[in-house]
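K.L.:
Take a look at the following structure, please.
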Amino acid sequence: MFRHLTFRARAPAFGQNCLSWRRYSSVPKRNVRSPDQGPKLRYLFVVVLASYGLLHLVTQRMDKKKAPQTSFSEREFQEYEKRTGLRRRVKLIPPEKRDQYHFYAVPFTSSKSTLVESLDKLGQQGREIKVIDTEELMDKEVEQEGKYSFLIEDIRSSGRSVPKGLLTALVKNEVHLYMNTTKGQYDTDIVLVNYPQTTDEAIKFENDISDIHACLVPDNEDVLQNSLDHEKLRNVNNVVGYFDMVHKVQKFKQDK
């Protein structure tokens, strides 16, 4: 009635167990970070974030700083000069007196009388005429034993060229003396004979004394070529070119 049951023992799945063991054994071990290494990626992120934050803070502070002052009242400028020790470049002729004194640069002329006659035609009526000859200024400085007298004597005895700025200093002193005379109180055309003969002197004159009203040159170019050597001719032509760029060159008649 009852079926006879027999139990058959199953053989151990040796192959599967070995395979499972092999699979388990072949799993790579996880690299556990030691406490000494620390969270590198997180640390790098924090450093970058802090750098950007610091840069933003510095930029904001720089933007909030007050812009440098570029204009001053007279009182503010005086206080600024006392605080810093700097001094403004002040011309001998102030702006309000530029119409009173007109300066005519004559890099070269062989005849002052012809020059003055030409200036009468170019200038305005009723103005005084003051002629300043640089050669005469040097003679005057030596005779009066001024502070440049020894230098001038040494230059003349050695044949050296006049150093830059010396003639401008003499001209400045002469103009200053004239401004304190009776004639110097009137409108005046000041003629600078044989000055400036270099662009350096021209620039220094306009920085230290006043602007040049006009540069007068002979209408006959042969006058310069026949009277000057190559070096001086080149310097005088440079001066003429310097004033010609601002349309201040005027011709005057001089035959020889």
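Residue numbering restarts at 1 for every chain of the structure tokens, chains are lettered A, B, ... in their displayed order, and ligands are numbered from 1 as they appear.
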Run DSSP on the backbone of this structure and report the residues of segment 91-239 of chain A it assigns to alpha helix (DSSP H), as a PyMOL selection string.
P.N.:
chain A and resi 112-122+134-143+149-158+166-179+199-208+221-227+230-239
K.L.:
Take the residues from that selection and write them out as a PDB file, in the first residue's frame, keeping C-alpha atoms.
P.N.:
ATOM      1  CA  LYS A 112      69.365 142.509 -35.207  1.00  0.00           C
ATOM      2  CA  SER A 113      68.349 145.795 -36.834  1.00  0.00           C
ATOM      3  CA  THR A 114      66.718 144.004 -39.754  1.00  0.00           C
ATOM      4  CA  LEU A 115      65.004 141.720 -37.303  1.00  0.00           C
ATOM      5  CA  VAL A 116      63.531 144.566 -35.261  1.00  0.00           C
ATOM      6  CA  GLU A 117      62.264 146.281 -38.411  1.00  0.00           C
ATOM      7  CA  SER A 118      60.539 143.081 -39.442  1.00  0.00           C
ATOM      8  CA  LEU A 119      59.075 142.707 -35.969  1.00  0.00           C
ATOM      9  CA  ASP A 120      57.508 146.179 -36.216  1.00  0.00           C
ATOM     10  CA  LYS A 121      55.565 144.922 -39.213  1.00  0.00           C
ATOM     11  CA  LEU A 122      54.605 141.624 -37.608  1.00  0.00           C
ATOM     12  CA  THR A 134      72.192 135.515 -25.531  1.00  0.00           C
ATOM     13  CA  GLU A 135      75.779 136.394 -26.473  1.00  0.00           C
ATOM     14  CA  GLU A 136      75.416 139.753 -24.756  1.00  0.00           C
ATOM     15  CA  LEU A 137      73.905 138.041 -21.717  1.00  0.00           C
ATOM     16  CA  MET A 138      76.972 135.844 -21.370  1.00  0.00           C
ATOM     17  CA  ASP A 139      79.260 138.889 -21.626  1.00  0.00           C
ATOM     18  CA  LYS A 140      77.186 140.664 -18.996  1.00  0.00           C
ATOM     19  CA  GLU A 141      77.332 137.659 -16.664  1.00  0.00           C
ATOM     20  CA  VAL A 142      81.139 137.572 -16.868  1.00  0.00           C
ATOM     21  CA  GLU A 143      81.515 141.337 -16.354  1.00  0.00           C
ATOM     22  CA  SER A 149      80.733 133.667 -14.780  1.00  0.00           C
ATOM     23  CA  PHE A 150      83.411 131.035 -14.071  1.00  0.00           C
ATOM     24  CA  LEU A 151      81.492 128.443 -16.054  1.00  0.00           C
ATOM     25  CA  ILE A 152      81.173 130.778 -19.038  1.00  0.00           C
ATOM     26  CA  GLU A 153      84.863 131.658 -18.935  1.00  0.00           C
ATOM     27  CA  ASP A 154      85.800 127.988 -18.814  1.00  0.00           C
ATOM     28  CA  ILE A 155      83.499 127.223 -21.754  1.00  0.00           C
ATOM     29  CA  ARG A 156      84.997 129.986 -23.845  1.00  0.00           C
ATOM     30  CA  SER A 157      88.596 129.116 -23.015  1.00  0.00           C
ATOM     31  CA  SER A 158      88.161 125.410 -23.657  1.00  0.00           C
ATOM     32  CA  LEU A 166      72.538 127.691 -19.126  1.00  0.00           C
ATOM     33  CA  LEU A 167      71.197 130.091 -21.740  1.00  0.00           C
ATOM     34  CA  THR A 168      67.643 129.561 -20.534  1.00  0.00           C
ATOM     35  CA  ALA A 169      68.728 130.437 -16.989  1.00  0.00           C
ATOM     36  CA  LEU A 170      70.334 133.672 -18.224  1.00  0.00           C
ATOM     37  CA  VAL A 171      67.283 134.560 -20.313  1.00  0.00           C
ATOM     38  CA  LYS A 172      64.970 133.868 -17.387  1.00  0.00           C
ATOM     39  CA  ASN A 173      66.978 136.148 -15.117  1.00  0.00           C
ATOM     40  CA  GLU A 174      66.974 138.940 -17.715  1.00  0.00           C
ATOM     41  CA  VAL A 175      63.214 138.675 -18.264  1.00  0.00           C
ATOM     42  CA  HIS A 176      62.611 138.757 -14.525  1.00  0.00           C
ATOM     43  CA  LEU A 177      64.695 141.934 -14.189  1.00  0.00           C
ATOM     44  CA  TYR A 178      62.853 143.574 -17.080  1.00  0.00           C
ATOM     45  CA  MET A 179      59.443 142.782 -15.568  1.00  0.00           C
ATOM     46  CA  THR A 199      64.971 121.806 -29.151  1.00  0.00           C
ATOM     47  CA  ASP A 200      66.047 121.083 -25.564  1.00  0.00           C
ATOM     48  CA  GLU A 201      66.418 124.818 -24.896  1.00  0.00           C
ATOM     49  CA  ALA A 202      63.097 125.516 -26.621  1.00  0.00           C
ATOM     50  CA  ILE A 203      61.293 123.005 -24.435  1.00  0.00           C
ATOM     51  CA  LYS A 204      62.993 124.262 -21.280  1.00  0.00           C
ATOM     52  CA  PHE A 205      62.066 127.853 -22.111  1.00  0.00           C
ATOM     53  CA  GLU A 206      58.396 126.948 -22.481  1.00  0.00           C
ATOM     54  CA  ASN A 207      58.498 124.931 -19.267  1.00  0.00           C
ATOM     55  CA  ASP A 208      60.281 127.538 -17.133  1.00  0.00           C
ATOM     56  CA  GLU A 221      67.294 129.840 -46.675  1.00  0.00           C
ATOM     57  CA  ASP A 222      70.773 130.590 -47.986  1.00  0.00           C
ATOM     58  CA  VAL A 223      71.334 132.833 -44.958  1.00  0.00           C
ATOM     59  CA  LEU A 224      71.320 129.815 -42.638  1.00  0.00           C
ATOM     60  CA  GLN A 225      73.282 127.547 -44.941  1.00  0.00           C
ATOM     61  CA  ASN A 226      76.007 130.120 -45.538  1.00  0.00           C
ATOM     62  CA  SER A 227      76.334 131.166 -41.898  1.00  0.00           C
ATOM     63  CA  HIS A 230      76.457 121.362 -40.489  1.00  0.00           C
ATOM     64  CA  GLU A 231      75.835 120.616 -36.799  1.00  0.00           C
ATOM     65  CA  LYS A 232      74.386 124.034 -35.921  1.00  0.00           C
ATOM     66  CA  LEU A 233      72.320 124.096 -39.104  1.00  0.00           C
ATOM     67  CA  ARG A 234      70.776 120.751 -38.196  1.00  0.00           C
ATOM     68  CA  ASN A 235      69.958 121.954 -34.662  1.00  0.00           C
ATOM     69  CA  VAL A 236      68.389 125.190 -35.896  1.00  0.00           C
ATOM     70  CA  ASN A 237      66.299 123.320 -38.469  1.00  0.00           C
ATOM     71  CA  ASN A 238      65.087 121.017 -35.679  1.00  0.00           C
ATOM     72  CA  VAL A 239      63.984 124.037 -33.661  1.00  0.00           C
TER      73      VAL A 239
END
K.L.:
Considering only strand (DSSP E) as DSSP defines it on the backbone, what residues of segment 179-253 of chain A qualify? List them as a PyMOL selection string.
P.N.:
chain A and resi 188-193+214-218+249-252
K.L.:
Tell me which of A:Pro163, A:Gly241, A:Gly184, A:Gly146 sits closest to Gln100 of chain A, counting only C-alpha atoms.
P.N.:
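Among A:Pro163, A:Gly241, A:Gly184, A:Gly146, it is A:Gly184 that comes nearest to Gln100 of chain A.
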K.L.:
Grab the atom CA of Cys215 of chain A to atom CA of Arg160 of chain A distance for me, in Å with one decimal place.
P.N.:
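Atom CA of Arg160 of chain A lies at a distance of 26.8 Å from atom CA of Cys215 of chain A.
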K.L.:
Identify which of the residues A:Pro218, A:Lys147, A:Thr198, A:Thr182 lies closest to Lys164 of chain A, counting only C-alpha atoms when measuring atom-to-atom distances.
P.N.:
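Going through A:Pro218, A:Lys147, A:Thr198, A:Thr182 one by one, the smallest distance to Lys164 of chain A is for A:Thr198.
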K.L.:
Find the distance between atom CA of Val131 of chain A and atom CA of Lys97 of chain A and write it in Å to one decimal.
P.N.:
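If I compute the distance from atom CA of Val131 of chain A to atom CA of Lys97 of chain A, I get 18.6 Å.
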K.L.:
At most 7 Å is the cut-off: for each residue in segment 100-140 of chain A with any atom that close to an atom of segment 185-195 of chain A, write down the nearest atom pair and the distance in Å rounded to one decimal, counting only C-alpha atoms, chain first then increasing number, as JSON lines.
P.N.:
{"residue": "A:Gln100", "atom": "CA", "partner": "A:Asp187", "partner_atom": "CA", "distance": 4.5}
{"residue": "A:Tyr101", "atom": "CA", "partner": "A:Thr188", "partner_atom": "CA", "distance": 5.1}
{"residue": "A:His102", "atom": "CA", "partner": "A:Asp189", "partner_atom": "CA", "distance": 4.8}
{"residue": "A:Phe103", "atom": "CA", "partner": "A:Ile190", "partner_atom": "CA", "distance": 4.8}
{"residue": "A:Tyr104", "atom": "CA", "partner": "A:Val191", "partner_atom": "CA", "distance": 4.8}
{"residue": "A:Ala105", "atom": "CA", "partner": "A:Leu192", "partner_atom": "CA", "distance": 5.1}
{"residue": "A:Val106", "atom": "CA", "partner": "A:Val193", "partner_atom": "CA", "distance": 5.2}
{"residue": "A:Pro107", "atom": "CA", "partner": "A:Asn194", "partner_atom": "CA", "distance": 4.5}
{"residue": "A:Phe108", "atom": "CA", "partner": "A:Asn194", "partner_atom": "CA", "distance": 4.4}
{"residue": "A:Thr109", "atom": "CA", "partner": "A:Asn194", "partner_atom": "CA", "distance": 6.3}
{"residue": "A:Arg127", "atom": "CA", "partner": "A:Thr188", "partner_atom": "CA", "distance": 5.2}
{"residue": "A:Glu128", "atom": "CA", "partner": "A:Thr188", "partner_atom": "CA", "distance": 4.4}
{"residue": "A:Ile129", "atom": "CA", "partner": "A:Asp189", "partner_atom": "CA", "distance": 4.9}
{"residue": "A:Lys130", "atom": "CA", "partner": "A:Ile190", "partner_atom": "CA", "distance": 4.6}
{"residue": "A:Val131", "atom": "CA", "partner": "A:Val191", "partner_atom": "CA", "distance": 4.7}
{"residue": "A:Ile132", "atom": "CA", "partner": "A:Leu192", "partner_atom": "CA", "distance": 5.0}
{"residue": "A:Asp133", "atom": "CA", "partner": "A:Val193", "partner_atom": "CA", "distance": 4.8}
{"residue": "A:Thr134", "atom": "CA", "partner": "A:Val193", "partner_atom": "CA", "distance": 6.6}
K.L.:
Kindly export the residues of the current selection with N, CA and C atoms, as a PDB file, in the first residue's frame.
P.N.:
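Written file, selection-v5.pdb:
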ATOM      1  N   GLN A 100      50.361 140.095 -22.122  1.00  0.00           N
ATOM      2  CA  GLN A 100      51.191 141.290 -21.910  1.00  0.00           C
ATOM      3  C   GLN A 100      52.586 141.105 -22.499  1.00  0.00           C
ATOM      4  N   TYR A 101      53.119 139.879 -22.374  1.00  0.00           N
ATOM      5  CA  TYR A 101      54.472 139.612 -22.864  1.00  0.00           C
ATOM      6  C   TYR A 101      54.404 138.570 -23.982  1.00  0.00           C
ATOM      7  N   HIS A 102      54.819 138.985 -25.157  1.00  0.00           N
ATOM      8  CA  HIS A 102      54.906 138.075 -26.301  1.00  0.00           C
ATOM      9  C   HIS A 102      56.385 137.780 -26.570  1.00  0.00           C
ATOM     10  N   PHE A 103      56.713 136.511 -26.635  1.00  0.00           N
ATOM     11  CA  PHE A 103      58.104 136.116 -26.863  1.00  0.00           C
ATOM     12  C   PHE A 103      58.269 135.629 -28.296  1.00  0.00           C
ATOM     13  N   TYR A 104      59.279 136.199 -28.962  1.00  0.00           N
ATOM     14  CA  TYR A 104      59.594 135.823 -30.341  1.00  0.00           C
ATOM     15  C   TYR A 104      60.952 135.128 -30.355  1.00  0.00           C
ATOM     16  N   ALA A 105      60.941 133.843 -30.688  1.00  0.00           N
ATOM     17  CA  ALA A 105      62.184 133.080 -30.770  1.00  0.00           C
ATOM     18  C   ALA A 105      62.811 133.272 -32.144  1.00  0.00           C
ATOM     19  N   VAL A 106      64.087 133.594 -32.132  1.00  0.00           N
ATOM     20  CA  VAL A 106      64.834 133.763 -33.387  1.00  0.00           C
ATOM     21  C   VAL A 106      66.058 132.855 -33.313  1.00  0.00           C
ATOM     22  N   PRO A 107      65.964 131.627 -33.808  1.00  0.00           N
ATOM     23  CA  PRO A 107      67.100 130.696 -33.698  1.00  0.00           C
ATOM     24  C   PRO A 107      68.389 131.222 -34.313  1.00  0.00           C
ATOM     25  N   PHE A 108      68.254 132.020 -35.374  1.00  0.00           N
ATOM     26  CA  PHE A 108      69.462 132.605 -35.962  1.00  0.00           C
ATOM     27  C   PHE A 108      69.119 133.864 -36.744  1.00  0.00           C
ATOM     28  N   THR A 109      69.961 134.878 -36.562  1.00  0.00           N
ATOM     29  CA  THR A 109      69.922 136.081 -37.384  1.00  0.00           C
ATOM     30  C   THR A 109      71.313 136.702 -37.388  1.00  0.00           C
ATOM     31  N   ARG A 127      53.224 148.597 -28.590  1.00  0.00           N
ATOM     32  CA  ARG A 127      53.876 147.652 -27.696  1.00  0.00           C
ATOM     33  C   ARG A 127      55.371 147.961 -27.613  1.00  0.00           C
ATOM     34  N   GLU A 128      55.912 147.818 -26.428  1.00  0.00           N
ATOM     35  CA  GLU A 128      57.346 147.977 -26.239  1.00  0.00           C
ATOM     36  C   GLU A 128      58.086 146.814 -26.904  1.00  0.00           C
ATOM     37  N   ILE A 129      59.341 147.047 -27.253  1.00  0.00           N
ATOM     38  CA  ILE A 129      60.171 145.985 -27.824  1.00  0.00           C
ATOM     39  C   ILE A 129      61.413 145.822 -26.954  1.00  0.00           C
ATOM     40  N   LYS A 130      61.615 144.608 -26.489  1.00  0.00           N
ATOM     41  CA  LYS A 130      62.784 144.271 -25.677  1.00  0.00           C
ATOM     42  C   LYS A 130      63.579 143.207 -26.421  1.00  0.00           C
ATOM     43  N   VAL A 131      64.827 143.519 -26.743  1.00  0.00           N
ATOM     44  CA  VAL A 131      65.694 142.585 -27.469  1.00  0.00           C
ATOM     45  C   VAL A 131      66.657 141.939 -26.476  1.00  0.00           C
ATOM     46  N   ILE A 132      66.678 140.624 -26.451  1.00  0.00           N
ATOM     47  CA  ILE A 132      67.583 139.876 -25.582  1.00  0.00           C
ATOM     48  C   ILE A 132      68.512 139.049 -26.454  1.00  0.00           C
ATOM     49  N   ASP A 133      69.795 139.374 -26.403  1.00  0.00           N
ATOM     50  CA  ASP A 133      70.818 138.667 -27.168  1.00  0.00           C
ATOM     51  C   ASP A 133      71.581 137.768 -26.212  1.00  0.00           C
ATOM     52  N   THR A 134      71.563 136.463 -26.457  1.00  0.00           N
ATOM     53  CA  THR A 134      72.192 135.515 -25.531  1.00  0.00           C
ATOM     54  C   THR A 134      73.700 135.725 -25.429  1.00  0.00           C
TER      55      THR A 134
END
